[in-house]
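**Q** File protein_11.cif below, mmCIF, C-alpha atoms:
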```cif
data_my_file
loop_
_atom_site.label_atom_id
_atom_site.label_comp_id
_atom_site.auth_asym_id
_atom_site.auth_seq_id
_atom_site.Cartn_x
_atom_site.Cartn_y
_atom_site.Cartn_z
CA MET Q 1 116.95 123.17 138.02
CA SER Q 2 117.95 120.01 136.15
CA GLU Q 3 121.54 121.25 135.84
CA ILE Q 4 121.69 121.65 139.63
CA GLY Q 5 120.48 118.07 140.00
CA LYS Q 6 123.19 116.82 137.67
CA LYS Q 7 125.85 118.74 139.57
CA ILE Q 8 124.74 117.42 142.96
CA ARG Q 9 124.50 113.82 141.77
CA ILE Q 10 127.79 113.74 139.89
CA GLU Q 11 129.63 115.05 142.93
CA ARG Q 12 128.50 111.91 144.77
CA LEU Q 13 130.48 109.85 142.26
CA MET Q 14 133.84 111.56 142.75
CA ASN Q 15 136.42 112.33 145.36
CA ARG Q 16 135.85 115.92 146.53
CA GLU Q 17 139.59 116.66 146.67
CA SER Q 18 140.95 115.01 143.51
CA ARG Q 19 137.69 115.42 141.53
CA ASN Q 20 138.45 111.98 140.10
CA MET Q 21 136.41 108.77 140.14
CA VAL Q 22 137.01 105.12 140.97
CA ILE Q 23 134.05 103.13 139.69
CA ILE Q 24 133.60 99.36 139.98
CA PRO Q 25 131.28 98.04 137.23
CA MET Q 26 129.33 94.92 138.19
CA ASP Q 27 127.00 94.66 135.21
CA HIS Q 28 128.81 91.63 133.76
CA GLY Q 29 126.21 89.11 134.95
CA ILE Q 30 123.75 89.93 132.20
CA SER Q 31 126.34 89.40 129.48
CA ASP Q 32 128.39 86.56 130.97
CA GLY Q 33 126.06 84.90 133.49
CA PRO Q 34 126.78 84.20 137.18
CA ILE Q 35 130.55 84.65 137.29
CA GLU Q 36 133.05 84.59 140.15
CA GLY Q 37 132.93 87.75 142.22
CA LEU Q 38 129.32 88.59 141.38
CA ILE Q 39 127.47 85.57 142.74
CA ASN Q 40 127.37 87.25 146.15
CA ILE Q 41 127.16 90.80 144.87
CA THR Q 42 126.30 92.28 148.28
CA ASP Q 43 129.60 91.07 149.71
CA THR Q 44 131.56 92.42 146.75
CA VAL Q 45 129.90 95.84 146.92
CA ASN Q 46 130.78 96.16 150.57
CA ARG Q 47 134.37 95.09 149.92
CA VAL Q 48 134.99 97.73 147.26
CA ALA Q 49 133.20 100.34 149.38
CA GLU Q 50 135.58 99.50 152.23
CA GLY Q 51 138.46 99.93 149.79
CA GLY Q 52 137.33 103.46 148.98
CA ALA Q 53 135.60 103.13 145.61
CA ASN Q 54 133.43 106.12 144.74
CA ALA Q 55 130.69 104.19 142.94
CA VAL Q 56 129.50 100.81 141.77
CA LEU Q 57 127.66 100.17 138.51
CA MET Q 58 125.07 97.44 138.04
CA GLN Q 59 121.91 96.39 136.25
CA LYS Q 60 118.56 97.41 137.75
CA GLY Q 61 117.61 93.99 139.10
CA MET Q 62 120.75 93.78 141.24
CA VAL Q 63 120.26 97.07 143.06
CA LYS Q 64 118.04 95.55 145.75
CA TYR Q 65 120.61 92.80 146.41
CA GLY Q 66 123.85 94.64 145.99
CA HIS Q 67 123.71 98.22 147.15
CA ARG Q 68 123.95 99.98 150.52
CA GLY Q 69 122.96 97.05 152.69
CA TYR Q 70 125.42 98.02 155.40
CA GLY Q 71 128.92 99.40 155.88
CA HIS Q 72 130.44 102.25 153.93
CA ASP Q 73 128.21 104.30 151.65
CA ILE Q 74 129.02 104.33 147.95
CA GLY Q 75 127.60 105.94 144.82
CA LEU Q 76 125.23 104.01 142.56
CA ILE Q 77 125.18 103.99 138.76
CA VAL Q 78 122.49 101.91 137.04
CA HIS Q 79 123.22 100.48 133.59
CA ILE Q 80 120.34 100.77 131.15
CA SER Q 81 121.52 98.81 128.11
CA ALA Q 82 122.27 95.12 127.66
CA SER Q 83 123.34 92.24 125.47
CA SER Q 84 124.47 88.65 126.02
CA VAL Q 85 127.40 86.58 124.80
CA LEU Q 86 124.78 84.07 123.63
CA SER Q 87 123.41 86.58 121.13
CA PRO Q 88 124.15 86.16 117.39
CA ASP Q 89 125.55 89.70 117.63
CA PRO Q 90 126.88 90.48 121.14
CA ASN Q 91 127.86 93.97 119.93
CA ALA Q 92 124.17 94.86 119.52
CA LYS Q 93 122.70 96.69 122.51
CA VAL Q 94 119.11 97.30 123.56
CA GLN Q 95 117.64 99.58 126.21
CA VAL Q 96 116.37 97.65 129.25
CA CYS Q 97 115.65 100.43 131.73
CA THR Q 98 114.48 104.05 131.75
CA VAL Q 99 115.81 107.16 133.43
CA GLU Q 100 112.60 107.39 135.44
CA GLU Q 101 113.16 103.87 136.82
CA VAL Q 102 116.69 104.78 137.81
CA ILE Q 103 115.49 107.89 139.66
CA LYS Q 104 113.03 105.76 141.66
CA MET Q 105 115.90 103.48 142.70
CA GLY Q 106 117.76 106.43 144.23
CA ALA Q 107 120.68 106.14 141.80
CA ASP Q 108 123.25 108.87 141.26
CA ALA Q 109 123.72 108.31 137.51
CA VAL Q 110 122.82 106.11 134.56
CA SER Q 111 125.16 104.43 132.11
CA MET Q 112 124.82 102.86 128.72
CA HIS Q 113 127.13 100.97 126.39
CA ILE Q 114 127.63 102.00 122.75
CA ASN Q 115 129.70 99.98 120.27
CA VAL Q 116 130.87 102.44 117.62
CA GLY Q 117 131.40 100.66 114.31
CA SER Q 118 129.05 97.75 115.06
CA ASN Q 119 126.28 96.62 112.72
CA THR Q 120 123.72 98.31 114.94
CA GLU Q 121 125.67 101.52 115.54
CA ALA Q 122 122.87 103.71 114.15
CA ASP Q 123 120.29 102.23 116.54
CA GLN Q 124 122.64 102.55 119.49
CA LEU Q 125 123.45 106.19 118.73
CA GLU Q 126 119.75 106.95 118.43
CA MET Q 127 119.24 105.31 121.82
CA LEU Q 128 122.09 107.38 123.31
CA GLY Q 129 120.55 110.59 121.99
CA LYS Q 130 117.16 109.79 123.53
CA ILE Q 131 118.65 108.81 126.90
CA SER Q 132 120.75 111.98 126.90
CA ARG Q 133 117.57 114.02 126.40
CA ASP Q 134 115.85 112.24 129.29
CA CYS Q 135 118.89 112.72 131.54
CA THR Q 136 118.89 116.44 130.82
CA GLU Q 137 115.17 116.61 131.60
CA TRP Q 138 115.56 114.85 134.95
CA GLY Q 139 118.94 116.19 136.04
CA MET Q 140 120.55 112.74 135.93
CA PRO Q 141 124.25 112.36 134.98
CA LEU Q 142 124.93 110.11 131.99
CA LEU Q 143 128.02 107.91 131.73
CA ALA Q 144 128.47 106.66 128.16
CA MET Q 145 130.64 103.60 127.60
CA MET Q 146 132.04 104.33 124.15
CA TYR Q 147 133.96 101.44 122.57
CA PRO Q 148 135.20 101.01 118.97
CA ARG Q 149 133.92 97.55 118.06
CA GLY Q 150 132.84 96.04 114.77
CA LYS Q 151 134.00 94.23 111.65
CA LYS Q 152 135.94 97.24 110.39
CA ILE Q 153 137.67 97.77 113.74
CA THR Q 154 140.85 95.70 113.52
CA ASN Q 155 142.40 97.34 116.59
CA PRO Q 156 139.91 98.46 119.28
CA HIS Q 157 142.75 100.30 121.07
CA ASP Q 158 143.77 102.36 118.05
CA PRO Q 159 144.06 105.97 119.31
CA VAL Q 160 142.20 107.43 116.32
CA ASN Q 161 139.25 105.07 116.81
CA VAL Q 162 139.19 105.54 120.58
CA ALA Q 163 139.30 109.34 120.25
CA HIS Q 164 136.48 109.18 117.71
CA ALA Q 165 134.31 107.02 119.94
CA ALA Q 166 134.93 109.22 122.99
CA ARG Q 167 134.09 112.36 121.05
CA ILE Q 168 130.81 110.87 119.85
CA GLY Q 169 129.79 110.31 123.45
CA ALA Q 170 130.45 113.95 124.33
CA GLU Q 171 128.76 115.19 121.16
CA LEU Q 172 125.56 113.31 122.03
CA GLY Q 173 125.36 114.61 125.58
CA ALA Q 174 127.29 112.29 127.90
CA ASP Q 175 128.52 113.85 131.13
CA VAL Q 176 131.28 111.27 131.55
CA VAL Q 177 132.81 109.01 128.88
CA LYS Q 178 134.27 105.61 129.66
CA THR Q 179 136.51 104.11 127.00
CA VAL Q 180 139.46 101.78 126.49
CA TYR Q 181 143.05 102.76 127.16
CA THR Q 182 145.19 103.19 124.06
CA GLY Q 183 148.30 101.69 125.62
CA ASP Q 184 150.43 104.72 126.45
CA PRO Q 185 149.98 108.21 127.97
CA ASP Q 186 150.96 110.14 124.83
CA SER Q 187 148.29 108.62 122.60
CA PHE Q 188 145.65 108.65 125.34
CA ARG Q 189 146.37 112.33 125.92
CA ASP Q 190 144.97 112.94 122.43
CA VAL Q 191 141.78 111.06 123.40
CA VAL Q 192 141.33 113.25 126.48
CA ARG Q 193 142.14 116.42 124.57
CA GLY Q 194 139.47 115.66 121.98
CA CYS Q 195 136.74 114.93 124.53
CA PRO Q 196 135.38 117.96 126.42
CA VAL Q 197 133.82 115.88 129.22
CA PRO Q 198 135.66 113.78 131.84
CA VAL Q 199 137.13 110.51 130.53
CA VAL Q 200 137.58 107.37 132.63
CA ILE Q 201 139.29 104.23 131.42
CA ALA Q 202 137.78 100.77 131.27
CA GLY Q 203 139.54 97.88 132.98
CA GLY Q 204 139.10 95.47 130.10
CA PRO Q 205 139.92 91.74 130.36
CA LYS Q 206 141.71 90.30 133.38
CA THR Q 207 145.30 91.51 133.47
CA SER Q 208 148.22 89.17 134.12
CA THR Q 209 149.53 91.04 137.17
CA ASP Q 210 148.46 93.74 139.60
CA MET Q 211 151.36 95.88 138.42
CA GLU Q 212 150.13 95.69 134.82
CA LEU Q 213 146.71 96.97 135.89
CA LEU Q 214 148.07 99.75 138.09
CA GLU Q 215 150.52 100.87 135.41
CA MET Q 216 147.65 101.17 132.94
CA ILE Q 217 145.65 103.29 135.39
CA ASP Q 218 148.70 105.42 136.20
CA GLY Q 219 149.34 106.08 132.50
CA ALA Q 220 145.75 107.12 131.92
CA ILE Q 221 145.72 109.53 134.88
CA GLU Q 222 149.04 110.97 133.71
CA ALA Q 223 147.38 111.62 130.33
CA GLY Q 224 144.51 113.52 131.93
CA ALA Q 225 141.90 110.84 132.56
CA ARG Q 226 139.58 111.62 135.44
CA GLY Q 227 139.42 108.12 136.81
CA ALA Q 228 139.06 104.42 136.19
CA ALA Q 229 136.12 102.01 135.91
CA ILE Q 230 137.61 98.63 136.75
CA GLY Q 231 135.32 95.60 136.90
CA ARG Q 232 136.50 91.99 136.80
CA ASN Q 233 140.10 92.93 137.64
CA VAL Q 234 138.76 94.10 141.00
CA PHE Q 235 135.77 91.90 141.83
CA GLN Q 236 137.61 88.71 140.79
CA HIS Q 237 140.78 89.68 142.64
CA ARG Q 238 141.91 87.67 145.68
CA ASP Q 239 141.54 90.83 147.80
CA PRO Q 240 139.15 93.43 146.30
CA VAL Q 241 139.50 95.70 149.34
CA ARG Q 242 143.26 96.10 149.04
CA LEU Q 243 143.27 96.36 145.25
CA THR Q 244 140.62 99.08 145.38
CA ARG Q 245 142.77 100.94 147.90
CA ALA Q 246 145.76 100.64 145.58
CA ILE Q 247 143.76 102.05 142.66
CA CYS Q 248 142.56 104.94 144.83
CA GLU Q 249 146.16 105.71 145.81
CA ILE Q 250 146.93 106.34 142.13
CA VAL Q 251 143.69 107.98 141.02
CA HIS Q 252 143.12 110.25 144.01
CA HIS Q 253 146.54 110.74 145.57
CA ARG Q 254 148.85 110.28 142.55
CA ARG Q 255 151.07 107.84 144.36
CA PRO Q 256 153.65 106.01 142.22
CA VAL Q 257 152.71 102.49 141.18
CA GLU Q 258 155.38 101.00 143.44
CA GLU Q 259 153.87 102.76 146.47
CA ALA Q 260 150.33 101.78 145.50
CA LEU Q 261 151.44 98.15 145.31
CA GLU Q 262 152.33 98.34 149.00
CA GLN Q 263 148.57 98.21 149.68
CA LEU Q 264 148.59 94.63 148.40
CA LYS Q 265 151.29 93.35 150.73
#
```
Let's see the structure in the file written out as structure tokens.
**A**
Amino acid sequence: MSEIGKKIRIERLMNRESRNMVIIPMDHGISDGPIEGLINITDTVNRVAEGGANAVLMQKGMVKYGHRGYGHDIGLIVHISASSVLSPDPNAKVQVCTVEEVIKMGADAVSMHINVGSNTEADQLEMLGKISRDCTEWGMPLLAMMYPRGKKITNPHDPVNVAHAARIGAELGADVVKTVYTGDPDSFRDVVRGCPVPVVIAGGPKTSTDMELLEMIDGAIEAGARGAAIGRNVFQHRDPVRLTRAICEIVHHRRPVEEALEQLK
């Protein structure tokens, strides 16, 4: 029965026609503090829901302020790991929520962040394995954010490192893997090929232009990615509704970047 639960819940996070996902992460407050775009999280959630996003992602304490207050419905993913930029080692992650708590909140999935190559990699992988077991028990989809980060990682976008990190997520039971884009469709195609579960790309730092962001998303979808999880580039945008619509045009309808940009005019 748990597999049925996973199937039902994960379908709430994707477009029924494209089978792809547009996710807007809003978990940045715990790492960066009260930043622009997340101070009034309820308003931002409703803006991206109006734009057509399939799901938002946030820490457990924000669910009561930022989800399904009114307007369009939208899927909910609760993040269950955390760290702060004030930490001596921001790459270290600890578990701050349980699968059982997430179920009680009515969420559709859980997510956790793993930094492959960090000083605490072993602890984080152990945590991922335990959460994967709990998710299987309760029929809860698991999105694993798998990033190559650490002293030995000189290039976090290196295709070999990204493919390795993504594969680890699948090997340890993730249902969806979120990871960084490698910079071009050909190299990212190898990441997707080596990961047997759906891959979505992370938005990363703020991009210089809307076109730069949309071109990155377009390249990832061309390579076989199943969606995009774009945080600050959306919630700190001058018009989150229109930018979300533009992203959906690419992810769900495979519109060219130039056509998607029309949503922003």
**Q** Name every residue that the PyMOL selection byres ((chain Q and resi 202-214) around 9) selects in this structure, writing the answer as number ranges by chain with chains first and numbers rising.
**A** Q: 145, 178-181, 200-201, 215-219, 228-234, 236, 243, 246-247, 250, 257-258, 260-261, 264
**Q** In file coordinates, which residues lie within 12 Å of (127.9, 100.4, 115.0) using only C-alpha atoms, given as a list in words?
**A**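 Answer for this query, in the requested form: Asp89, Pro90, Asn91, Ala92, Lys93, His113, Ile114, Asn115, Val116, Gly117, Ser118, Asn119, Thr120, Glu121, Ala122, Asp123, Gln124, Leu125, Glu126, Met146, Tyr147, Pro148, Arg149, Gly150, Lys151, Lys152, Ile153, Ala165 and Ile168 of chain Q.
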**Q** Kindly list the centre and edge lengths in Å, rounded to one decimal, for the axis-aligned box that covers all listed atoms of stretch 41-57 of chain Q plus 6 Å on each of its six sides, as lines of an AutoDock Vina configuration file.
**A**
```
center_x = 132.4
center_y = 98.5
center_z = 145.4
size_x = 24.2
size_y = 27.3
size_z = 25.7
```
**Q** Atom CA of Q:His237 to atom CA of Q:Val85: how many Å, to one decimal?
**A**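 Atom CA of Q:His237 sits 22.5 Å away from atom CA of Q:Val85.
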**Q** Please write as a CSV table (one decimal) with C-alpha atoms, in the coordinates of the input the full residue list that the PyMOL selection byres ((chain Q and resi 140) around 8) yields on this file.
**A**
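The resulting file, out-v8.csv, is reproduced below:
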```
chain,number,residue,atom,x,y,z
Q,2,SER,CA,118.0,120.0,136.2
Q,5,GLY,CA,120.5,118.1,140.0
Q,6,LYS,CA,123.2,116.8,137.7
Q,9,ARG,CA,124.5,113.8,141.8
Q,99,VAL,CA,115.8,107.2,133.4
Q,103,ILE,CA,115.5,107.9,139.7
Q,108,ASP,CA,123.2,108.9,141.3
Q,109,ALA,CA,123.7,108.3,137.5
Q,110,VAL,CA,122.8,106.1,134.6
Q,135,CYS,CA,118.9,112.7,131.5
Q,136,THR,CA,118.9,116.4,130.8
Q,137,GLU,CA,115.2,116.6,131.6
Q,138,TRP,CA,115.6,114.8,135.0
Q,139,GLY,CA,118.9,116.2,136.0
Q,141,PRO,CA,124.2,112.4,135.0
Q,142,LEU,CA,124.9,110.1,132.0
```
**Q** Can you take the partial stretch 137-151 of chain Q, add N, CA and C atoms, and return it as a PDB file, in the coordinates of the input?
**A**
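Once written, rebuild_11.pdb looks like this:
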```pdb
ATOM      1  N   GLU Q 137     116.488 116.263 131.057  1.00  0.00           N
ATOM      2  CA  GLU Q 137     115.170 116.610 131.600  1.00  0.00           C
ATOM      3  C   GLU Q 137     115.096 116.360 133.106  1.00  0.00           C
ATOM      4  N   TRP Q 138     115.692 115.257 133.562  1.00  0.00           N
ATOM      5  CA  TRP Q 138     115.560 114.850 134.950  1.00  0.00           C
ATOM      6  C   TRP Q 138     116.762 115.207 135.820  1.00  0.00           C
ATOM      7  N   GLY Q 139     117.771 115.823 135.251  1.00  0.00           N
ATOM      8  CA  GLY Q 139     118.940 116.190 136.040  1.00  0.00           C
ATOM      9  C   GLY Q 139     119.768 114.989 136.466  1.00  0.00           C
ATOM     10  N   MET Q 140     119.843 113.983 135.608  1.00  0.00           N
ATOM     11  CA  MET Q 140     120.550 112.740 135.930  1.00  0.00           C
ATOM     12  C   MET Q 140     121.834 112.643 135.102  1.00  0.00           C
ATOM     13  N   PRO Q 141     123.005 112.507 135.734  1.00  0.00           N
ATOM     14  CA  PRO Q 141     124.250 112.360 134.980  1.00  0.00           C
ATOM     15  C   PRO Q 141     124.234 111.105 134.102  1.00  0.00           C
ATOM     16  N   LEU Q 142     124.863 111.214 132.943  1.00  0.00           N
ATOM     17  CA  LEU Q 142     124.930 110.110 131.990  1.00  0.00           C
ATOM     18  C   LEU Q 142     126.386 109.729 131.747  1.00  0.00           C
ATOM     19  N   LEU Q 143     126.717 108.468 132.054  1.00  0.00           N
ATOM     20  CA  LEU Q 143     128.020 107.910 131.730  1.00  0.00           C
ATOM     21  C   LEU Q 143     127.848 107.063 130.477  1.00  0.00           C
ATOM     22  N   ALA Q 144     128.561 107.415 129.415  1.00  0.00           N
ATOM     23  CA  ALA Q 144     128.470 106.660 128.160  1.00  0.00           C
ATOM     24  C   ALA Q 144     129.727 105.831 127.981  1.00  0.00           C
ATOM     25  N   MET Q 145     129.530 104.513 127.863  1.00  0.00           N
ATOM     26  CA  MET Q 145     130.640 103.600 127.600  1.00  0.00           C
ATOM     27  C   MET Q 145     130.824 103.531 126.088  1.00  0.00           C
ATOM     28  N   MET Q 146     131.842 104.179 125.585  1.00  0.00           N
ATOM     29  CA  MET Q 146     132.040 104.330 124.150  1.00  0.00           C
ATOM     30  C   MET Q 146     133.219 103.483 123.692  1.00  0.00           C
ATOM     31  N   TYR Q 147     132.907 102.360 122.996  1.00  0.00           N
ATOM     32  CA  TYR Q 147     133.960 101.440 122.570  1.00  0.00           C
ATOM     33  C   TYR Q 147     133.959 101.282 121.046  1.00  0.00           C
ATOM     34  N   PRO Q 148     135.140 101.315 120.405  1.00  0.00           N
ATOM     35  CA  PRO Q 148     135.200 101.010 118.970  1.00  0.00           C
ATOM     36  C   PRO Q 148     135.176  99.499 118.765  1.00  0.00           C
ATOM     37  N   ARG Q 149     134.057  98.993 118.252  1.00  0.00           N
ATOM     38  CA  ARG Q 149     133.920  97.550 118.060  1.00  0.00           C
ATOM     39  C   ARG Q 149     133.086  97.276 116.819  1.00  0.00           C
ATOM     40  N   GLY Q 150     133.572  96.404 115.974  1.00  0.00           N
ATOM     41  CA  GLY Q 150     132.840  96.040 114.770  1.00  0.00           C
ATOM     42  C   GLY Q 150     133.770  95.390 113.770  1.00  0.00           C
ATOM     43  N   LYS Q 151     133.208  94.949 112.651  1.00  0.00           N
ATOM     44  CA  LYS Q 151     134.000  94.230 111.650  1.00  0.00           C
ATOM     45  C   LYS Q 151     135.132  95.070 111.066  1.00  0.00           C
TER      46      LYS Q 151
END
```
